[in-house]
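Colleague: To be precise about what I am sending: the file is called model-v4.txt and holds compact mmCIF, C-alpha atoms.
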# COMPACT_ATOMS: atom_id res chain seq x y z
CA MET S 16 38.81 127.60 253.27
CA SER S 17 39.87 130.34 250.90
CA GLN S 18 38.10 131.03 247.63
CA VAL S 19 40.34 132.20 244.77
CA ALA S 20 39.50 132.40 241.06
CA GLY S 21 36.92 129.66 241.42
CA MET S 22 39.29 127.39 243.39
CA GLN S 23 38.54 126.21 246.88
CA VAL S 24 41.92 125.60 248.49
CA SER S 25 42.29 123.96 251.85
CA ARG S 26 44.76 125.63 254.21
CA LEU S 27 45.08 122.40 256.14
CA THR S 28 45.52 119.83 253.39
CA PRO S 29 47.83 121.23 250.70
CA SER S 30 48.09 117.80 249.09
CA LEU S 31 44.51 118.33 247.97
CA VAL S 32 44.90 121.58 246.11
CA ALA S 33 41.30 121.90 245.12
CA GLU S 34 38.56 120.01 246.88
CA PRO S 35 35.94 119.31 245.90
CA ASP S 36 36.62 119.29 242.18
CA PRO S 37 33.64 118.39 240.00
CA ARG S 38 35.93 116.45 237.65
CA ALA S 39 36.78 114.09 240.51
CA LEU S 40 33.09 113.19 240.71
CA ALA S 41 32.65 112.28 237.04
CA ALA S 42 32.18 108.50 236.70
CA ASP S 43 34.44 107.99 233.67
CA ILE S 44 37.22 105.68 234.91
CA PRO S 45 37.26 101.92 234.16
CA PRO S 46 37.82 100.16 237.52
CA ASN S 47 40.75 97.97 236.41
CA VAL S 48 43.09 98.99 239.25
CA LEU S 49 40.31 98.40 241.78
CA VAL S 50 39.67 94.92 240.39
CA HIS S 51 43.39 94.04 240.71
CA LEU S 52 43.43 95.35 244.28
CA THR S 53 40.34 93.48 245.43
CA GLU S 54 41.50 90.27 243.75
CA LEU S 55 44.81 90.54 245.60
CA ALA S 56 42.89 90.89 248.86
CA ALA S 57 40.86 87.79 247.99
CA ARG S 58 44.04 85.80 247.30
CA ARG S 59 45.24 86.80 250.76
CA GLY S 60 42.00 85.63 252.33
CA LEU S 61 40.70 89.14 253.04
CA SER S 62 37.25 90.50 252.26
CA SER S 63 37.11 93.84 250.47
CA ASP S 64 33.34 94.32 250.81
CA ALA S 65 33.70 96.95 253.56
CA TRP S 66 35.92 99.08 251.31
CA PHE S 67 32.86 99.99 249.24
CA ALA S 68 30.79 101.38 252.13
CA GLY S 69 29.17 104.70 251.27
CA LEU S 70 30.45 104.73 247.68
CA GLY S 71 27.26 103.61 245.94
CA LEU S 72 29.28 100.75 244.49
CA THR S 73 29.77 97.05 245.26
CA ARG S 74 32.56 94.53 244.83
CA GLN S 75 30.48 92.65 242.25
CA GLN S 76 29.72 95.74 240.18
CA ILE S 77 33.34 96.61 239.40
CA ASN S 78 33.65 93.31 237.53
CA ASP S 79 31.10 94.59 235.01
CA PRO S 80 33.08 95.86 231.97
CA SER S 81 30.52 98.62 231.42
CA VAL S 82 30.91 100.11 234.91
CA ARG S 83 32.82 103.36 235.36
CA VAL S 84 33.85 104.93 238.65
CA SER S 85 34.79 108.44 239.68
CA TYR S 86 38.25 109.48 240.81
CA ARG S 87 36.79 110.11 244.28
CA GLN S 88 35.43 106.57 244.47
CA ALA S 89 38.68 105.05 243.22
CA ARG S 90 40.81 107.15 245.56
CA THR S 91 38.67 106.29 248.58
CA LEU S 92 38.67 102.59 247.80
CA ILE S 93 42.43 102.44 247.24
CA GLY S 94 43.05 104.31 250.49
CA ARG S 95 40.93 101.82 252.39
CA GLY S 96 42.64 98.92 250.67
CA LEU S 97 46.08 100.19 251.65
CA LYS S 98 45.04 100.35 255.30
CA VAL S 99 43.65 96.81 255.31
CA LEU S 100 46.38 95.11 253.28
CA ARG S 101 49.17 96.85 255.21
CA ASP S 102 51.70 96.25 252.47
CA PRO S 103 53.81 99.37 251.95
CA ALA S 104 54.97 98.15 248.53
CA LEU S 105 51.43 97.35 247.42
CA GLY S 106 51.64 99.31 244.17
CA LEU S 107 54.70 97.32 243.10
CA VAL S 108 52.98 94.06 244.00
CA VAL S 109 49.80 94.90 242.06
CA GLY S 110 51.61 96.28 239.00
CA SER S 111 54.18 93.51 238.74
CA ASN S 112 51.43 90.89 238.61
CA GLU S 113 49.71 92.51 235.64
CA THR S 114 50.17 91.11 232.15
CA ILE S 115 49.37 92.33 228.67
CA GLY S 116 46.10 90.44 229.05
CA SER S 117 45.25 92.73 231.98
CA PHE S 118 45.13 95.61 229.48
CA GLY S 119 42.35 93.97 227.44
CA LEU S 120 41.79 95.61 224.06
CA LEU S 121 44.67 98.00 224.65
CA GLY S 122 46.98 95.07 225.34
CA LEU S 123 45.89 93.50 222.04
CA ALA S 124 46.49 96.77 220.17
CA MET S 125 49.97 97.04 221.69
CA MET S 126 50.87 93.39 221.12
CA THR S 127 49.95 93.57 217.43
CA SER S 128 51.81 96.85 216.82
CA ARG S 129 54.71 96.96 214.35
CA ASN S 130 57.44 97.65 216.90
CA PHE S 131 57.97 98.57 220.53
CA GLY S 132 57.95 102.31 219.84
CA GLU S 133 54.56 102.05 218.15
CA ALA S 134 53.26 99.93 221.03
CA MET S 135 54.46 102.56 223.52
CA SER S 136 52.67 105.30 221.60
CA VAL S 137 49.46 103.27 221.44
CA GLY S 138 49.62 102.55 225.17
CA ILE S 139 50.26 106.15 226.18
CA GLU S 140 47.63 107.65 223.88
CA ASN S 141 44.99 105.23 225.16
CA HIS S 142 46.07 104.72 228.78
CA LYS S 143 42.73 105.85 230.15
CA VAL S 144 41.08 102.78 228.61
CA CYS S 145 42.68 100.76 231.40
CA GLY S 146 41.54 103.02 234.20
CA SER S 147 44.79 104.87 234.80
CA LEU S 148 44.48 107.29 237.73
CA LEU S 149 47.46 109.32 236.53
CA ASP S 150 47.81 111.37 233.38
CA VAL S 151 50.52 109.93 231.14
CA ASP S 152 52.54 111.38 228.30
CA PHE S 153 55.64 110.71 226.21
CA ALA S 154 58.76 112.87 226.10
CA VAL S 155 61.88 112.80 223.91
CA LEU S 156 64.69 113.83 226.26
CA ASP S 157 67.59 113.59 223.82
CA ALA S 158 68.80 111.51 220.86
CA GLN S 159 69.39 108.49 223.11
CA THR S 160 66.57 108.71 225.63
CA VAL S 161 62.78 108.87 225.72
CA ALA S 162 60.55 108.87 228.78
CA VAL S 163 57.09 107.83 229.88
CA GLN S 164 55.94 110.55 232.28
CA ALA S 165 53.11 110.51 234.79
CA TRP S 166 51.29 113.47 236.28
CA PRO S 167 49.06 113.31 239.38
CA ARG S 168 45.49 114.49 238.96
CA PHE S 169 43.98 117.06 241.33
CA GLY S 170 47.29 117.56 243.14
CA GLU S 171 47.28 114.00 244.48
CA ILE S 172 50.24 113.41 246.80
CA GLU S 173 49.07 110.96 249.46
CA LEU S 174 48.46 108.09 247.01
CA LEU S 175 51.15 109.11 244.52
CA PRO S 176 53.63 106.36 245.50
CA PHE S 177 51.00 103.64 245.04
CA LEU S 178 49.77 105.09 241.74
CA CYS S 179 53.29 105.49 240.31
CA GLU S 180 54.34 102.04 241.49
CA GLU S 181 51.30 100.40 239.91
CA LEU S 182 51.63 102.33 236.64
CA PHE S 183 55.37 101.95 236.09
CA SER S 184 55.75 98.37 237.32
CA SER S 185 52.81 97.19 235.19
CA SER S 186 54.13 99.13 232.19
CA LEU S 187 57.56 97.56 232.57
CA ALA S 188 56.09 94.08 233.06
CA ILE S 189 54.16 94.48 229.80
CA ALA S 190 57.15 95.98 227.99
CA ARG S 191 59.25 92.96 228.97
CA GLU S 192 56.45 90.70 227.86
CA LEU S 193 56.57 92.40 224.44
CA VAL S 194 60.34 92.58 223.83
CA GLY S 195 61.88 90.23 226.39
CA PRO S 196 63.37 90.35 229.90
CA LYS S 197 66.56 92.09 228.76
CA LEU S 198 64.75 95.44 228.64
CA VAL S 199 66.19 97.55 231.44
CA PRO S 200 65.26 101.23 231.83
CA VAL S 201 68.00 103.84 231.69
CA ARG S 202 66.73 105.36 234.91
CA MET S 203 63.63 105.96 236.96
CA GLU S 204 62.75 109.30 238.56
CA LEU S 205 60.08 109.93 241.20
CA THR S 206 59.04 113.15 242.92
CA TYR S 207 58.35 111.66 246.35
CA PRO S 208 60.96 110.76 248.99
CA ALA S 209 62.51 107.29 249.06
CA PRO S 210 60.28 104.88 250.99
CA ALA S 211 61.60 102.34 253.50
CA TYR S 212 61.24 99.62 250.85
CA ALA S 213 63.26 101.44 248.16
CA ASN S 214 65.31 98.28 247.57
CA GLU S 215 62.16 96.74 246.03
CA TYR S 216 62.28 99.36 243.27
CA ALA S 217 65.86 98.36 242.45
CA ARG S 218 64.90 94.69 242.38
CA ILE S 219 61.94 95.19 240.02
CA PHE S 220 63.23 97.93 237.71
CA ARG S 221 66.92 96.87 237.76
CA CYS S 222 68.08 100.43 237.13
CA GLU S 223 69.03 103.58 239.01
CA VAL S 224 66.04 105.04 240.88
CA ARG S 225 66.13 108.72 241.87
CA PHE S 226 63.68 109.85 244.53
CA GLY S 227 62.84 113.48 245.23
CA ALA S 228 63.21 114.24 241.52
CA GLN S 229 61.34 116.86 239.51
CA TYR S 230 59.29 114.39 237.48
CA ASN S 231 57.65 110.99 237.78
CA ARG S 232 59.04 109.15 234.77
CA ILE S 233 60.81 106.09 233.49
CA LEU S 234 63.56 106.60 230.92
CA VAL S 235 64.21 104.15 228.09
CA ASP S 236 67.00 103.94 225.51
CA THR S 237 65.72 104.90 222.06
CA SER S 238 67.37 101.80 220.56
CA TRP S 239 64.42 99.77 221.91
CA LEU S 240 61.85 101.73 219.90
CA ALA S 241 62.61 99.97 216.62
CA HIS S 242 62.50 96.50 218.18
CA PRO S 243 60.02 94.50 216.04
CA LEU S 244 57.15 92.70 217.75
CA PRO S 245 56.49 89.05 216.84
CA GLY S 246 52.70 89.49 217.10
CA TYR S 247 52.54 92.28 214.52
CA ASN S 248 49.24 92.19 212.67
CA PRO S 249 48.19 95.49 211.08
CA LEU S 250 44.54 94.54 210.68
CA THR S 251 44.10 93.31 214.25
CA SER S 252 46.01 96.31 215.56
CA ARG S 253 43.76 98.77 213.73
CA GLN S 254 40.62 96.97 214.84
CA ALA S 255 41.69 96.86 218.51
CA LEU S 256 42.81 100.48 218.39
CA ALA S 257 39.49 101.58 216.89
CA LEU S 258 37.64 99.84 219.73
CA CYS S 259 39.92 101.50 222.30
CA GLN S 260 39.23 104.91 220.83
CA GLN S 261 35.52 104.16 220.79
CA GLN S 262 35.72 103.38 224.51
CA LEU S 263 37.61 106.60 225.15
CA ARG S 264 34.94 108.61 223.37
CA GLY S 265 32.32 106.86 225.45
CA ASN S 266 34.22 107.70 228.65
CA ALA S 267 34.90 111.31 227.69
CA SER S 268 33.25 113.85 229.94
CA HIS S 269 32.21 117.39 229.09
CA ASP S 270 35.58 118.51 230.52
CA GLU S 271 37.60 117.05 227.65
CA ILE S 272 38.80 120.48 226.55
CA VAL S 273 39.84 121.23 230.13
CA GLY S 274 42.00 118.11 230.15
CA SER S 275 43.65 119.16 226.88
CA VAL S 276 44.47 122.60 228.25
CA GLU S 277 45.83 121.14 231.49
CA ARG S 278 48.10 118.68 229.69
CA LEU S 279 49.49 121.43 227.48
CA LEU S 280 50.07 123.76 230.42
CA ARG S 281 51.85 121.06 232.42
CA SER S 282 54.29 120.45 229.60
CA ARG S 283 55.07 124.16 229.18
CA LEU S 284 54.88 125.72 232.63
CA ARG S 285 58.34 127.27 232.36
CA GLU S 286 57.19 129.16 229.26
CA HIS S 287 54.21 130.67 231.07
CA PRO S 288 51.92 130.11 228.04
CA ARG S 289 49.11 132.58 227.40
CA LEU S 290 45.58 131.76 226.32
CA THR S 291 46.33 132.81 222.74
CA GLU S 292 49.31 130.44 222.51
CA VAL S 293 47.35 127.54 224.03
CA ALA S 294 44.46 128.10 221.62
CA ARG S 295 46.85 128.15 218.66
CA THR S 296 48.48 124.88 219.75
CA LEU S 297 45.04 123.27 220.06
CA HIS S 298 44.10 124.58 216.59
CA LEU S 299 41.38 126.80 218.00
CA SER S 300 40.76 130.51 217.93
CA GLU S 301 41.08 132.32 221.24
CA ARG S 302 37.36 133.02 221.18
CA SER S 303 36.49 129.35 220.54
CA LEU S 304 38.70 128.17 223.39
CA ARG S 305 37.16 130.70 225.79
CA ARG S 306 33.68 129.59 224.78
CA ARG S 307 34.43 125.88 225.15
CA LEU S 308 35.98 126.42 228.57
CA ALA S 309 32.98 128.49 229.59
CA ASP S 310 30.70 125.65 228.49
CA SER S 311 32.54 123.49 231.04
CA GLY S 312 32.17 126.15 233.69
CA ARG S 313 35.86 127.02 233.68
CA ILE S 314 38.12 129.92 232.82
CA PHE S 315 41.71 129.80 231.59
CA ARG S 316 43.26 131.65 234.50
CA GLU S 317 41.69 129.28 237.03
CA ILE S 318 43.00 126.24 235.15
CA HIS S 319 46.47 127.78 234.83
CA ASP S 320 46.57 128.63 238.54
CA ARG S 321 45.38 125.16 239.50
CA VAL S 322 48.02 123.40 237.38
CA ARG S 323 50.78 125.65 238.73
CA ALA S 324 49.61 125.17 242.32
CA GLU S 325 49.53 121.40 241.95
CA ARG S 326 53.00 121.33 240.38
CA ALA S 327 54.38 123.65 243.07
CA LEU S 328 53.05 121.42 245.85
CA GLU S 329 54.51 118.36 244.14
CA LEU S 330 57.97 119.98 243.96
CA LEU S 331 57.74 121.32 247.52
CA HIS S 332 56.92 117.83 248.72
CA ALA S 333 59.89 116.37 246.80
CA GLY S 334 62.12 118.72 248.77
CA GLN S 335 64.99 118.94 246.28
CA LEU S 336 64.49 122.46 244.90
CA SER S 337 64.53 125.81 246.66
CA VAL S 338 61.44 128.00 246.58
CA ALA S 339 63.12 130.24 243.98
CA GLU S 340 63.96 127.23 241.78
CA ILE S 341 60.38 125.96 242.01
CA GLY S 342 59.12 129.38 241.00
CA ASN S 343 61.44 129.27 237.99
CA GLU S 344 60.07 125.85 237.04
CA LEU S 345 56.60 127.42 237.01
CA GLY S 346 57.61 130.37 234.85
CA PHE S 347 58.25 132.98 237.57
CA SER S 348 61.49 134.93 237.12
CA ASP S 349 61.00 136.76 240.43
CA PRO S 350 60.81 134.54 243.58
CA ARG S 351 58.73 137.18 245.35
CA GLU S 352 56.14 137.07 242.60
CA PHE S 353 55.97 133.29 242.96
CA ARG S 354 55.56 133.50 246.74
CA ARG S 355 52.68 135.95 246.35
CA ALA S 356 51.01 133.79 243.71
CA PHE S 357 51.42 130.62 245.79
CA LYS S 358 49.85 132.26 248.83
CA ARG S 359 46.98 133.46 246.65
CA TRP S 360 46.44 129.89 245.35
CA THR S 361 46.71 128.02 248.65
CA GLY S 362 46.35 130.56 251.46
CA MET S 363 49.85 129.88 252.82
CA PRO S 364 53.48 130.71 251.94
CA PRO S 365 55.52 128.01 250.13
CA GLN S 366 57.73 127.26 253.14
CA SER S 367 54.69 126.72 255.37
CA ALA S 368 53.26 124.30 252.81
CA ARG S 369 56.57 122.43 252.67
CA ARG S 370 56.72 122.09 256.47
CA SER S 371 53.12 120.86 256.63
CA MET S 372 53.92 118.07 254.15
CA SER S 373 57.11 116.89 255.87
Starting from the coordinates I provided, produce the structure as structure tokens.
Modeller:
Amino acid sequence: MSQVAGMQVSRLTPSLVAEPDPRALAADIPPNVLVHLTELAARRGLSSDAWFAGLGLTRQQINDPSVRVSYRQARTLIGRGLKVLRDPALGLVVGSNETIGSFGLLGLAMMTSRNFGEAMSVGIENHKVCGSLLDVDFAVLDAQTVAVQAWPRFGEIELLPFLCEELFSSSLAIARELVGPKLVPVRMELTYPAPAYANEYARIFRCEVRFGAQYNRILVDTSWLAHPLPGYNPLTSRQALALCQQQLRGNASHDEIVGSVERLLRSRLREHPRLTEVARTLHLSERSLRRRLADSGRIFREIHDRVRAERALELLHAGQLSVAEIGNELGFSDPREFRRAFKRWTGMPPQSARRSMS
């Protein structure tokens, strides 16, 4: 193991950029995905009790709406479930079976929104209420296209196909429930290579699917945003949204400011943002941001390096860009500077990391 700027980086498992990460141990995730997975196992006549061994958690406990799990617990349980269920397209199966009712209060807030665009915004801003294991944001790509984008936490690569499949297929199922089955995405883009069951993506999403892309995102025509929703009820929507936000505040860990900095850095890696610029965007003074990060036991450089390392590994795994192009995506104008930085972050050159993930 190499120790750099507070990061412990495994030379043997580049998919796990920084292990252990104290944020992965914070029990702040609603176990919705785990409930769907264990219920699917039950419908197939399989017991999921053994999946919980050593996690300090039971099958019965995750049905308690007040229970929260850590990312480590969720990741371990999903990995065990994948091995037992032996269904390579499991994420698509789980996500496609979800309904707006599966989203609970968030589903109600979306369903009673004024239009589809408002429902999308509500869903994205509050996605953690439903136990999402990916970070999600919204991007305007051009006048005709918007995108829902997903970002892996902690450099997750091994479970990324399952997590993206579950997120995007459930999101599309709910979107079609809101505006009708005619909703077809413009395109879908995924950073990982095409799996053997890629035809299942085409069947479910009914649009072009690009694997080995630079982002994990689903693109939608902007004309859908103004589509009115029949269940619009401003009072109910506000009440449900207030309860969602109350839940989010209850789930928030002391690393909230770290999450805000990470999300901002991810969206602006090419620009190589400095601490001063990040603080200004977050409406904080540089001193205040430094202090709040210090309160969480973190420093800006370590967070910036971690985010860049995770993004670099994601793009190396996708295999579509050269090392120089990946460096440019991360804000490095000189490929040699990027290679040096990557080796400092992970303990290995970029090409070695790419070969180890192939």
Colleague: Compile the contact shell of S:Leu328 as a ChimeraX atom specification: residues with an atom at most 12 Å away, counting all atoms listed in the file, same-chain residues fewer than 3 positions apart removed.
Modeller: /S:28-33,167,169-173,206-207,229,321-325,331-334,336,338,341-342,345,357-358,360-361,363-373
Colleague: What is the distance between atom CA of S:His242 and atom CA of S:Ala188, in Å to one decimal?
Modeller: 16.4 Å
Colleague: Using only C-alpha atoms, can you tell me which of S:Gln76, S:Ser111, S:Ser63, S:Ser303 comes closest to S:Lys98?
Modeller: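 For S:Lys98, the nearest of the candidates is S:Ser63.
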Colleague: Excluding S:Leu187 and residues on its chain fewer than 3 positions from it, collect all residues at most 10 Å away from it, counting all atoms listed in the file, and give them as a list in words.
Modeller: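 The contact residues come out as Gly110, Ser111, Glu113, Thr114, Leu182, Phe183, Ser184, Ala190, Arg191, Glu192, Leu193, Pro196, Leu198, Val199, Pro200, Ile219, Phe220 and Ile233 of chain S.
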Colleague: Limited to C-alpha atoms, could you put the picked residues into a file as a PDB file, in the coordinates of the input?
Modeller:
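selection_39.pdb was written with the following content:
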ATOM      1  CA  GLY S 110      51.610  96.280 239.000  1.00  0.00           C
ATOM      2  CA  SER S 111      54.180  93.510 238.740  1.00  0.00           C
ATOM      3  CA  GLU S 113      49.710  92.510 235.640  1.00  0.00           C
ATOM      4  CA  THR S 114      50.170  91.110 232.150  1.00  0.00           C
ATOM      5  CA  LEU S 182      51.630 102.330 236.640  1.00  0.00           C
ATOM      6  CA  PHE S 183      55.370 101.950 236.090  1.00  0.00           C
ATOM      7  CA  SER S 184      55.750  98.370 237.320  1.00  0.00           C
ATOM      8  CA  ALA S 190      57.150  95.980 227.990  1.00  0.00           C
ATOM      9  CA  ARG S 191      59.250  92.960 228.970  1.00  0.00           C
ATOM     10  CA  GLU S 192      56.450  90.700 227.860  1.00  0.00           C
ATOM     11  CA  LEU S 193      56.570  92.400 224.440  1.00  0.00           C
ATOM     12  CA  PRO S 196      63.370  90.350 229.900  1.00  0.00           C
ATOM     13  CA  LEU S 198      64.750  95.440 228.640  1.00  0.00           C
ATOM     14  CA  VAL S 199      66.190  97.550 231.440  1.00  0.00           C
ATOM     15  CA  PRO S 200      65.260 101.230 231.830  1.00  0.00           C
ATOM     16  CA  ILE S 219      61.940  95.190 240.020  1.00  0.00           C
ATOM     17  CA  PHE S 220      63.230  97.930 237.710  1.00  0.00           C
ATOM     18  CA  ILE S 233      60.810 106.090 233.490  1.00  0.00           C
TER      19      ILE S 233
END
Colleague: So, with all atoms listed in the file as the atoms that count, which of S:Gly146, S:Pro103, S:Gly122, S:Gly69 lies closest to S:Val84?
Modeller: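 Among S:Gly146, S:Pro103, S:Gly122, S:Gly69, it is S:Gly146 that comes nearest to S:Val84.
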Colleague: Contacts of S:Leu72 at 10 Å or less, counting only C-alpha atoms, minus same-chain residues fewer than 6 places along, as an MDAnalysis selection string?
Modeller: chainID S and resid 64 66 82 84 88
Colleague: Which is closer to S:Asp43 than all the others in S:Arg83, S:Arg283, S:Arg225, S:Arg253, using only C-alpha atoms?
Modeller: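 Residue with the minimum atom-to-atom distance to S:Asp43: S:Arg83.
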Colleague: Let me have the centre and edge lengths in Å, one decimal, of the box along x, y and z around every listed atom of stretch 134-138 of chain S with 3 Å of margin on each side, as lines of an AutoDock Vina configuration file.
Modeller:
center_x = 52.0
center_y = 102.6
center_z = 223.1
size_x = 11.0
size_y = 11.4
size_z = 10.1
Colleague: May I ask which of the residues S:Glu329, S:Asn78, S:Arg232, S:Val276 is the closest one to S:Asp152, counting all atoms listed in the file?
Modeller: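 Closest candidate: S:Arg232.
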Colleague: Which residues, written as JSON, numbers by chain, have at least one atom at most 10 Å from S:Thr237, with all atoms listed in the file counted and residues fewer than 2 positions away on the same chain left out?
Modeller: {"S": [132, 155, 156, 157, 158, 159, 160, 161, 162, 201, 234, 235, 239, 240, 241, 242]}
Colleague: Export, as a CSV table (one decimal), in the frame of the given file, the selected residues with C-alpha atoms.
Modeller:
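Result file is part14.csv:
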chain,number,residue,atom,x,y,z
S,132,GLY,CA,58.0,102.3,219.8
S,155,VAL,CA,61.9,112.8,223.9
S,156,LEU,CA,64.7,113.8,226.3
S,157,ASP,CA,67.6,113.6,223.8
S,158,ALA,CA,68.8,111.5,220.9
S,159,GLN,CA,69.4,108.5,223.1
S,160,THR,CA,66.6,108.7,225.6
S,161,VAL,CA,62.8,108.9,225.7
S,162,ALA,CA,60.6,108.9,228.8
S,201,VAL,CA,68.0,103.8,231.7
S,234,LEU,CA,63.6,106.6,230.9
S,235,VAL,CA,64.2,104.2,228.1
S,239,TRP,CA,64.4,99.8,221.9
S,240,LEU,CA,61.8,101.7,219.9
S,241,ALA,CA,62.6,100.0,216.6
S,242,HIS,CA,62.5,96.5,218.2
Colleague: Could you check how far atom CA of S:Asp310 sits from atom CA of S:Ile44, in Å to one decimal?
Modeller: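 Interatomic distance, atom CA of S:Asp310 to atom CA of S:Ile44: 22.0 Å.
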Colleague: Which distance in Å separates atom CA of S:Leu178 and atom CA of S:Val99, to one decimal?
Modeller: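 If I compute the distance from atom CA of S:Leu178 to atom CA of S:Val99, I get 17.0 Å.
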Colleague: Taking a cut-off of 7 Å and counting all atoms listed in the file, can you build a table that, for each residue of stretch 259-302 of chain S near stretch 136-145 of chain S, reports the nearest atom pair and how far apart they are in Å (one decimal), sorted by chain then residue number, as CSV?
Modeller:
residue,atom,partner,partner_atom,distance
S:Cys259,CA,S:Val144,CA,6.5
S:Gln262,CA,S:Val144,CA,6.8
S:Leu263,CA,S:Val144,CA,6.2
